[in-house]
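Okay, structure first, notes after.
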Amino acid sequence: MASTLEKFIHSLDPRALPRVLQIQSGIYFQGSIYEMFGNECCLSTGEVIKVTGFKINKLIASICKNNEDSQFSAKVELPLNFPGLYKVVADKTPYISIEEITRKVAIGSTRFGHPCFYSSEDIKLANLTIKQGEQINFNSVEEVNGTMAVNCGVVRNNQSHSFTLPLSQEGTFYECEDDQIYTLKEIAEWKIPRCRNRIVKLSNTLHSWDSSNPLPDNFDGCLILTPVYEVQAVMKFRKDIVHILSDLDVEVKDITDCYDISSFLQPLSLEDVFERTTKEFPMVAEVMEGPLGRQKPYNLLHIGKEIVIYKKYQATRVLASEIRSDSPKRHFLIPMTYKGKFKRRPREFPTAYDLEIARSEREQLHVVATKAFDSPHAELFSVSVGDQFLVQQRQTSEVLYEGRKKVIDVLACEQILSDTYKEVLLPMYMEGGFVEVIHDKKQYQLSEICKEFRLPFNVKVSVRDLSIKEDVLAAVPGLQLEEEITDSYLLISSASSPVESWEIPVYRLNMSVHLLSKDVQTVLPPMTKTTVEEISEEEYYMVRRFENQTLHPPPRPPKKPAALAPKPVSTVSKQVISDVLQATKNFCVDTTKKSCANQAADVSELQVSCQNDLVHHDNVKDMTEKPTLVEAAVIKGLTNNPLGKWESEKEQEEEHNYEYVDENVIENIRKVFQDTTTRNKDILSEDRRDI
């Protein structure tokens, strides 16, 4: 039975792929050339294509200015990266079985893939009865005792109860209200059911849209989202992959059951290749769809190129981000084989707890305060801007709190004074600001940093990797090495001229190949070339999210006593502190004879001259020795001058001139929304029980 391409794709279960379709009729009825993403294909009547995949390309949004019950009017086209956070409106149309839910709703391992439903009547199980209106969490779908079922859970009295529901379970199931807020892309991937639309309400606008905003000014109404899919298909007599939008006016017929699907080329993604057994490598493949990029090896992987895939393996990379406070940061994945060298740069620590985490036995941590802190306890130290400390160790201390003695965690430090050192205690909950003072001028290989220091770690490339034609890291003013990650790679080379081999990432490269029945001439791969991979903002957060799932979260820092009211604090410019920290290393002893007034007047000239001296300074200072008292006096004097305050105010204004928002901001907004709506959930559940 023929149907429109749009209707067929909307109802297609991805688990049923691939499917063979025959073009029946449409605007390409006489046969014409259709171009999409640079690929041309003739969609004439009777043409046969094999659909291998599909994904949401964009969304058509119908605008409603009031609420979801009003009539929707104008339609606009929204790309998936359209900014804003949206609240999902619960679907009022019920599902008649668990099987229908699993077929139409995305259920996965991430937090987005745990939809919630409630039944209009009680469900009696062997050891549990699910009451009507009670929220059921759908966690995963798997086979239980030979029967497909959904792993579910309910929460009662703060205790979770797990059970399974077979797909054959019938009833009337409604979607629960969702307290979370999502980006448009997250909604497209997880929150739009098959064969249904999704109503959302705009909650927050994250940043301005570069192009003209398709939504009305000050819009706070609802949108009904209809997805438009990009269909990936293979033509009968072509060796490349074509992409077709699902809203084309074309009628198709599914002829999979009566067609020899093996007559088509079998495109394989890099994930498909990686799932092959180790014994099947090496293999020869031809590129059907290649990645975009000018850097090697991406510029070599064009359509029709024959390559040798030698092996699959897991490799370690260091995730690094550019150090800057304005505009989007660049992110990199650096291989351990990187041959460049790094010099250390000062780290910043927002709390005393961060100082404890960064403390190491290898060297004593030396920091200067950039934010004042007034201690509420006489037993603990109050910090002023410019104070310098040598971090010692974590310990406990007895303080007087609300008339009672209480033991709290503190950080023992040595304060550097003009002519001596003073033992002080800082509360672990202290919200301050510290910048590290670097005494180490040594140049390090990447492997040395990962072995000797704790990440995150701030560095700058001092000697570029000469084996790379264009080392992108050398031009970056500063890098923060954030964490080591393990990722999947394939080792490839050109089949015609295997002079060098390259590592290509499996999960970040949009590439398809088909295998050739050719013998590999050289079993051993040629010399592997090092590449530094620059990744996008989205890829960065996906890497962090995937990696953090396997790690235990760090312990939470101690909380500040609730009875203590925050007091005004003063700050100093990061740039001024950074310049001063570097300048003190070559500063002449004679400078200490100047008065504080002269220091303030000559600060700009001092910074320029000292930074120039740094370029030619080759003397290596012992990393474990204490800073001189002369350095302490210079830093304390310069950080208290009026110029530092003016620079701080200027930087604060510049920091608000942004276009992109960190993912932590989104998580914080989500938390606020969840806190404000949690109390309503029990009320809604009670109302449903009464009904």
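To be explicit about the labels: the chains of the structure tokens are called A, B, and onward in the order shown, and within each one the residues are counted from 1, while ligands get numbers from 1 in the order they are shown.
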Can you pull out the residues contacting Ser162 of chain A? Cut-off 8 Å, using only C-alpha atoms, and skip same-chain residues under 3 positions away; I want them as a list of chain:residue names.
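Neighbouring residues, sequence-local ones excluded: A:Asn151, A:Cys152, A:Gly153, A:Val154.
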Run DSSP on the backbone and give me the residues of segment 196-341 of chain A it puts in helix (DSSP H, G or I), as an MDAnalysis selection string.
chainID A and resid 256:258 261:263 270:274 278:280 298:300
Name all residues at most 12 Å from Arg198 of chain A (count only C-alpha atoms; drop same-chain ones fewer than 4 positions away) and give them as a PyMOL selection string.
chain A and resi 59-62+68+86-93+105+175+184+187-194+222-227
If you keep N, CA and C atoms, can you produce a file of those selected residues as a PDB file, in the first residue's frame?
ATOM      1  N   LEU A  59      12.694  21.321  12.560  1.00  0.00           N
ATOM      2  CA  LEU A  59      11.359  21.246  13.149  1.00  0.00           C
ATOM      3  C   LEU A  59      10.468  22.328  12.549  1.00  0.00           C
ATOM      4  N   ILE A  60       9.226  21.961  12.257  1.00  0.00           N
ATOM      5  CA  ILE A  60       8.216  22.930  11.847  1.00  0.00           C
ATOM      6  C   ILE A  60       7.373  23.233  13.085  1.00  0.00           C
ATOM      7  N   ALA A  61       7.358  24.503  13.486  1.00  0.00           N
ATOM      8  CA  ALA A  61       6.673  24.905  14.710  1.00  0.00           C
ATOM      9  C   ALA A  61       5.445  25.742  14.382  1.00  0.00           C
ATOM     10  N   SER A  62       4.304  25.318  14.907  1.00  0.00           N
ATOM     11  CA  SER A  62       3.076  26.113  14.829  1.00  0.00           C
ATOM     12  C   SER A  62       2.982  26.949  16.095  1.00  0.00           C
ATOM     13  N   GLU A  68      -1.669  25.921  25.367  1.00  0.00           N
ATOM     14  CA  GLU A  68      -1.762  24.767  24.475  1.00  0.00           C
ATOM     15  C   GLU A  68      -3.192  24.459  24.056  1.00  0.00           C
ATOM     16  N   TYR A  86      13.085  24.807  26.888  1.00  0.00           N
ATOM     17  CA  TYR A  86      11.658  24.586  26.668  1.00  0.00           C
ATOM     18  C   TYR A  86      11.133  23.557  27.662  1.00  0.00           C
ATOM     19  N   LYS A  87       9.893  23.767  28.075  1.00  0.00           N
ATOM     20  CA  LYS A  87       9.204  22.838  28.962  1.00  0.00           C
ATOM     21  C   LYS A  87       8.239  22.006  28.123  1.00  0.00           C
ATOM     22  N   VAL A  88       8.303  20.686  28.312  1.00  0.00           N
ATOM     23  CA  VAL A  88       7.469  19.772  27.542  1.00  0.00           C
ATOM     24  C   VAL A  88       6.073  19.707  28.164  1.00  0.00           C
ATOM     25  N   VAL A  89       5.043  19.873  27.326  1.00  0.00           N
ATOM     26  CA  VAL A  89       3.657  19.755  27.773  1.00  0.00           C
ATOM     27  C   VAL A  89       3.231  18.296  27.613  1.00  0.00           C
ATOM     28  N   ALA A  90       2.674  17.719  28.671  1.00  0.00           N
ATOM     29  CA  ALA A  90       2.291  16.310  28.647  1.00  0.00           C
ATOM     30  C   ALA A  90       1.248  16.038  27.566  1.00  0.00           C
ATOM     31  N   ASP A  91       1.442  14.932  26.846  1.00  0.00           N
ATOM     32  CA  ASP A  91       0.523  14.526  25.782  1.00  0.00           C
ATOM     33  C   ASP A  91      -0.784  14.019  26.408  1.00  0.00           C
ATOM     34  N   LYS A  92      -1.917  14.573  25.976  1.00  0.00           N
ATOM     35  CA  LYS A  92      -3.213  14.190  26.537  1.00  0.00           C
ATOM     36  C   LYS A  92      -3.804  12.955  25.868  1.00  0.00           C
ATOM     37  N   THR A  93      -3.202  12.525  24.766  1.00  0.00           N
ATOM     38  CA  THR A  93      -3.695  11.325  24.083  1.00  0.00           C
ATOM     39  C   THR A  93      -3.107  10.089  24.749  1.00  0.00           C
ATOM     40  N   VAL A 105       7.913   5.868  21.919  1.00  0.00           N
ATOM     41  CA  VAL A 105       8.633   6.745  22.843  1.00  0.00           C
ATOM     42  C   VAL A 105      10.068   6.258  22.993  1.00  0.00           C
ATOM     43  N   GLU A 175       0.865  10.212  29.725  1.00  0.00           N
ATOM     44  CA  GLU A 175       2.180  10.780  29.996  1.00  0.00           C
ATOM     45  C   GLU A 175       2.099  11.696  31.213  1.00  0.00           C
ATOM     46  N   LEU A 184      16.157  22.513  22.355  1.00  0.00           N
ATOM     47  CA  LEU A 184      15.361  22.035  21.230  1.00  0.00           C
ATOM     48  C   LEU A 184      15.933  20.737  20.663  1.00  0.00           C
ATOM     49  N   ILE A 187      14.924  17.803  22.866  1.00  0.00           N
ATOM     50  CA  ILE A 187      13.521  17.455  22.629  1.00  0.00           C
ATOM     51  C   ILE A 187      13.388  16.654  21.341  1.00  0.00           C
ATOM     52  N   ALA A 188      14.102  17.091  20.288  1.00  0.00           N
ATOM     53  CA  ALA A 188      14.026  16.394  19.002  1.00  0.00           C
ATOM     54  C   ALA A 188      14.537  14.966  19.115  1.00  0.00           C
ATOM     55  N   GLU A 189      15.567  14.745  19.901  1.00  0.00           N
ATOM     56  CA  GLU A 189      16.175  13.423  19.995  1.00  0.00           C
ATOM     57  C   GLU A 189      15.419  12.486  20.931  1.00  0.00           C
ATOM     58  N   TRP A 190      14.760  13.038  21.971  1.00  0.00           N
ATOM     59  CA  TRP A 190      14.225  12.174  23.016  1.00  0.00           C
ATOM     60  C   TRP A 190      12.742  12.368  23.322  1.00  0.00           C
ATOM     61  N   LYS A 191      12.183  13.505  23.021  1.00  0.00           N
ATOM     62  CA  LYS A 191      10.872  13.835  23.563  1.00  0.00           C
ATOM     63  C   LYS A 191       9.767  13.970  22.520  1.00  0.00           C
ATOM     64  N   ILE A 192       9.998  13.599  21.280  1.00  0.00           N
ATOM     65  CA  ILE A 192       8.944  13.619  20.267  1.00  0.00           C
ATOM     66  C   ILE A 192       8.573  12.179  19.936  1.00  0.00           C
ATOM     67  N   PRO A 193       7.387  11.709  20.322  1.00  0.00           N
ATOM     68  CA  PRO A 193       6.988  10.319  20.051  1.00  0.00           C
ATOM     69  C   PRO A 193       6.781  10.090  18.557  1.00  0.00           C
ATOM     70  N   ARG A 194       6.921   8.841  18.153  1.00  0.00           N
ATOM     71  CA  ARG A 194       6.676   8.463  16.776  1.00  0.00           C
ATOM     72  C   ARG A 194       5.198   8.685  16.446  1.00  0.00           C
ATOM     73  N   CYS A 222       3.070  28.808  23.400  1.00  0.00           N
ATOM     74  CA  CYS A 222       3.385  27.399  23.141  1.00  0.00           C
ATOM     75  C   CYS A 222       3.699  27.179  21.668  1.00  0.00           C
ATOM     76  N   LEU A 223       4.432  26.102  21.412  1.00  0.00           N
ATOM     77  CA  LEU A 223       4.764  25.688  20.052  1.00  0.00           C
ATOM     78  C   LEU A 223       4.382  24.223  19.902  1.00  0.00           C
ATOM     79  N   ILE A 224       3.791  23.878  18.751  1.00  0.00           N
ATOM     80  CA  ILE A 224       3.569  22.472  18.435  1.00  0.00           C
ATOM     81  C   ILE A 224       4.600  22.084  17.387  1.00  0.00           C
ATOM     82  N   LEU A 225       5.451  21.141  17.741  1.00  0.00           N
ATOM     83  CA  LEU A 225       6.613  20.785  16.922  1.00  0.00           C
ATOM     84  C   LEU A 225       6.326  19.560  16.071  1.00  0.00           C
ATOM     85  N   THR A 226       6.593  19.696  14.779  1.00  0.00           N
ATOM     86  CA  THR A 226       6.485  18.584  13.832  1.00  0.00           C
ATOM     87  C   THR A 226       7.859  18.345  13.223  1.00  0.00           C
ATOM     88  N   PRO A 227       8.428  17.163  13.373  1.00  0.00           N
ATOM     89  CA  PRO A 227       9.778  16.930  12.862  1.00  0.00           C
ATOM     90  C   PRO A 227       9.807  16.718  11.354  1.00  0.00           C
TER      91      PRO A 227
END
Find the residues around segment 395-397 of chain A up to 8 Å (only C-alpha atoms counted), leave out those fewer than 6 positions away in its own chain, and share them as an NGL selection string.
:A and (407-412)
Next, dump the selected residues to file, keeping only C-alpha atoms, as a PDB file, in the first residue's frame.
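Saved as part_3.pdb:
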ATOM      1  CA  VAL A 407      34.708  20.636  65.221  1.00  0.00           C
ATOM      2  CA  ILE A 408      34.981  21.653  61.556  1.00  0.00           C
ATOM      3  CA  ASP A 409      37.333  20.888  58.671  1.00  0.00           C
ATOM      4  CA  VAL A 410      39.966  23.531  58.003  1.00  0.00           C
ATOM      5  CA  LEU A 411      42.948  24.017  55.704  1.00  0.00           C
ATOM      6  CA  ALA A 412      46.251  24.702  57.438  1.00  0.00           C
TER       7      ALA A 412
END
What lies within 10 Å of Tyr259 of chain A using only C-alpha atoms, ignoring chain neighbours under 3 positions off, as a list in words?
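Residues meeting the cut-off are Arg19, Val20, Leu21, Val48, Asp254, Ile255, Thr256, Ser262 and Ser263 of chain A.
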Go ahead and save the picked residues with N, CA, C and O atoms, as a JSON list (two decimals), in the first residue's frame.
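Writing done, so here's part35.json:
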[["chain", "number", "residue", "atom", "x", "y", "z"],
["A", 19, "ARG", "N", 15.07, -0.73, 4.92],
["A", 19, "ARG", "CA", 13.83, -0.99, 4.18],
["A", 19, "ARG", "C", 14.04, -0.60, 2.72],
["A", 19, "ARG", "O", 14.70, 0.39, 2.40],
["A", 20, "VAL", "N", 13.46, -1.40, 1.83],
["A", 20, "VAL", "CA", 13.53, -1.13, 0.39],
["A", 20, "VAL", "C", 12.22, -0.48, -0.03],
["A", 20, "VAL", "O", 11.14, -1.03, 0.20],
["A", 21, "LEU", "N", 12.30, 0.69, -0.66],
["A", 21, "LEU", "CA", 11.13, 1.44, -1.09],
["A", 21, "LEU", "C", 11.13, 1.62, -2.60],
["A", 21, "LEU", "O", 12.20, 1.77, -3.22],
["A", 48, "VAL", "N", 13.94, 2.34, -7.23],
["A", 48, "VAL", "CA", 14.04, 1.58, -5.98],
["A", 48, "VAL", "C", 15.20, 2.12, -5.16],
["A", 48, "VAL", "O", 16.32, 2.29, -5.68],
["A", 254, "ASP", "N", 6.59, 0.10, 0.41],
["A", 254, "ASP", "CA", 7.57, -0.77, 1.04],
["A", 254, "ASP", "C", 7.54, -2.14, 0.35],
["A", 254, "ASP", "O", 6.54, -2.86, 0.42],
["A", 255, "ILE", "N", 8.66, -2.49, -0.32],
["A", 255, "ILE", "CA", 8.73, -3.77, -1.05],
["A", 255, "ILE", "C", 9.86, -4.64, -0.49],
["A", 255, "ILE", "O", 10.40, -5.50, -1.19],
["A", 256, "THR", "N", 10.21, -4.42, 0.79],
["A", 256, "THR", "CA", 11.34, -5.14, 1.39],
["A", 256, "THR", "C", 11.16, -6.65, 1.33],
["A", 256, "THR", "O", 12.10, -7.40, 1.03],
["A", 262, "SER", "N", 20.22, -7.80, -0.82],
["A", 262, "SER", "CA", 21.67, -7.95, -0.97],
["A", 262, "SER", "C", 22.19, -7.38, -2.28],
["A", 262, "SER", "O", 23.40, -7.25, -2.46],
["A", 263, "SER", "N", 21.29, -7.04, -3.20],
["A", 263, "SER", "CA", 21.74, -6.46, -4.48],
["A", 263, "SER", "C", 22.20, -5.02, -4.32],
["A", 263, "SER", "O", 22.82, -4.46, -5.23]]
Find the spatial neighbours of Val234 of chain A, counting only C-alpha atoms, within a cut-off of 8 Å - ignore same-chain residues fewer than 3 positions away - and output them as number ranges by chain.
A: 49-52, 238-242, 264-265
Take the residues from that selection and write them out as a compact mmCIF listing (two decimals), in the first residue's frame, keeping C-alpha atoms.
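Output (result36.txt):
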# COMPACT_ATOMS: atom_id res chain seq x y z
CA ILE A 49 15.98 2.87 -2.98
CA LYS A 50 17.17 1.28 0.25
CA VAL A 51 16.61 3.39 3.37
CA THR A 52 19.46 2.80 5.83
CA ARG A 238 25.24 4.41 -7.26
CA LYS A 239 28.19 4.01 -4.90
CA ASP A 240 27.45 7.00 -2.71
CA ILE A 241 24.82 7.76 -0.09
CA VAL A 242 22.01 10.21 -0.86
CA PHE A 264 22.37 -3.05 -2.93
CA LEU A 265 25.72 -1.92 -1.64
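Atom CA of Arg276 of chain A is positioned 20.0 Å from atom CA of Thr522 of chain A.
Among the candidate residues A:Ile416, A:Val318, A:Val435, A:Ile492, the one lying nearest to Val367 of chain A is A:Val435, with distances computed using only C-alpha atoms.
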Polymer residues at most 9 Å from Lys518 of chain A, only C-alpha atoms, same-chain spacing of 5 or more positions, as a PDB file with all heavy atoms, in the first residue's frame:
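So the final result, stored in selection.pdb, reads:
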ATOM      1  N   MET A 283      41.244  -4.778   6.585  1.00  0.00           N
ATOM      2  CA  MET A 283      40.268  -4.880   5.508  1.00  0.00           C
ATOM      3  C   MET A 283      40.390  -3.672   4.585  1.00  0.00           C
ATOM      4  O   MET A 283      40.898  -2.618   4.980  1.00  0.00           O
ATOM      5  CB  MET A 283      38.847  -4.968   6.086  1.00  0.00           C
ATOM      6  CG  MET A 283      38.459  -3.772   6.934  1.00  0.00           C
ATOM      7  SD  MET A 283      36.808  -3.903   7.676  1.00  0.00           S
ATOM      8  CE  MET A 283      37.048  -5.229   8.849  1.00  0.00           C
ATOM      9  N   VAL A 284      39.939  -3.869   3.328  1.00  0.00           N
ATOM     10  CA  VAL A 284      39.946  -2.777   2.340  1.00  0.00           C
ATOM     11  C   VAL A 284      38.515  -2.285   2.177  1.00  0.00           C
ATOM     12  O   VAL A 284      37.579  -3.078   2.060  1.00  0.00           O
ATOM     13  CB  VAL A 284      40.513  -3.252   0.983  1.00  0.00           C
ATOM     14  CG1 VAL A 284      40.537  -2.096  -0.013  1.00  0.00           C
ATOM     15  CG2 VAL A 284      41.910  -3.832   1.164  1.00  0.00           C
ATOM     16  N   ALA A 285      38.347  -0.952   2.174  1.00  0.00           N
ATOM     17  CA  ALA A 285      37.012  -0.357   2.066  1.00  0.00           C
ATOM     18  C   ALA A 285      37.061   0.839   1.124  1.00  0.00           C
ATOM     19  O   ALA A 285      38.117   1.438   0.900  1.00  0.00           O
ATOM     20  CB  ALA A 285      36.494   0.059   3.436  1.00  0.00           C
TER      21      ALA A 285
END
Taking only C-alpha atoms into account, name the residue in A:Cys116, A:Leu80, A:Asn197, A:Glu100 that is nearest to Thr183 of chain A.
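Ranked by minimum distance to Thr183 of chain A, first place goes to A:Leu80.
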Closest of A:Ser25, A:Leu78, A:Gln169, A:Ile63 to Lys201 of chain A, counting only C-alpha atoms, is A:Ile63
Choose the residue, out of A:Thr102, A:Thr351, A:Asn510, A:Thr4, that has the smallest atom-to-atom separation from Gly290 of chain A; count only C-alpha atoms.
A:Asn510
Coordinates-based distance that separates atom CA of Glu533 of chain A from atom CA of Val472 of chain A (Å, one decimal)
9.2 Å
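Each of A:Leu43, A:Ile535, A:Val252, A:Val141 was checked against Ile9 of chain A using only C-alpha atoms; the smallest atom-to-atom distance is that of A:Val252.
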For the structure I just gave you, how does DSSP split segment 198-274 of chain A - specifically, which residues are strand (DSSP E or B)? Reply as a PyMOL selection string.
chain A and resi 198-204+222-235+241-245+250-254+268-269
Expected file contents, prior selection, C-alpha atoms, as a PDB file, in the first residue's frame:
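Final output, saved to out12.pdb:
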ATOM      1  CA  ARG A 198       4.980  17.588  20.651  1.00  0.00           C
ATOM      2  CA  ILE A 199       3.733  20.756  22.349  1.00  0.00           C
ATOM      3  CA  VAL A 200       6.397  22.772  24.214  1.00  0.00           C
ATOM      4  CA  LYS A 201       6.429  26.048  26.102  1.00  0.00           C
ATOM      5  CA  LEU A 202       9.369  28.463  25.961  1.00  0.00           C
ATOM      6  CA  SER A 203      10.861  28.814  29.456  1.00  0.00           C
ATOM      7  CA  ASN A 204      14.163  30.656  29.025  1.00  0.00           C
ATOM      8  CA  CYS A 222       3.385  27.399  23.141  1.00  0.00           C
ATOM      9  CA  LEU A 223       4.764  25.688  20.052  1.00  0.00           C
ATOM     10  CA  ILE A 224       3.569  22.472  18.435  1.00  0.00           C
ATOM     11  CA  LEU A 225       6.613  20.785  16.922  1.00  0.00           C
ATOM     12  CA  THR A 226       6.485  18.584  13.832  1.00  0.00           C
ATOM     13  CA  PRO A 227       9.778  16.930  12.862  1.00  0.00           C
ATOM     14  CA  VAL A 228      11.194  16.892   9.340  1.00  0.00           C
ATOM     15  CA  TYR A 229      13.552  13.951   8.868  1.00  0.00           C
ATOM     16  CA  GLU A 230      16.660  13.604   6.749  1.00  0.00           C
ATOM     17  CA  VAL A 231      16.486  10.164   5.140  1.00  0.00           C
ATOM     18  CA  GLN A 232      19.729   8.352   4.342  1.00  0.00           C
ATOM     19  CA  ALA A 233      19.368   6.013   1.389  1.00  0.00           C
ATOM     20  CA  VAL A 234      21.323   3.995  -1.166  1.00  0.00           C
ATOM     21  CA  MET A 235      20.414   4.031  -4.868  1.00  0.00           C
ATOM     22  CA  ILE A 241      24.816   7.764  -0.090  1.00  0.00           C
ATOM     23  CA  VAL A 242      22.014  10.209  -0.856  1.00  0.00           C
ATOM     24  CA  HIS A 243      20.074  12.350   1.621  1.00  0.00           C
ATOM     25  CA  ILE A 244      16.400  13.161   1.096  1.00  0.00           C
ATOM     26  CA  LEU A 245      14.102  15.269   3.264  1.00  0.00           C
ATOM     27  CA  VAL A 250       6.684  11.689  -3.037  1.00  0.00           C
ATOM     28  CA  GLU A 251       4.635   8.520  -2.588  1.00  0.00           C
ATOM     29  CA  VAL A 252       6.476   5.299  -1.778  1.00  0.00           C
ATOM     30  CA  LYS A 253       5.716   1.614  -1.288  1.00  0.00           C
ATOM     31  CA  ASP A 254       7.574  -0.773   1.040  1.00  0.00           C
ATOM     32  CA  LEU A 268      28.767   0.735   7.006  1.00  0.00           C
ATOM     33  CA  SER A 269      29.283   3.503   9.504  1.00  0.00           C
TER      34      SER A 269
END
Mind pulling up the distance from atom CA of Thr531 of chain A to atom CA of Glu503 of chain A?
7.9 Å
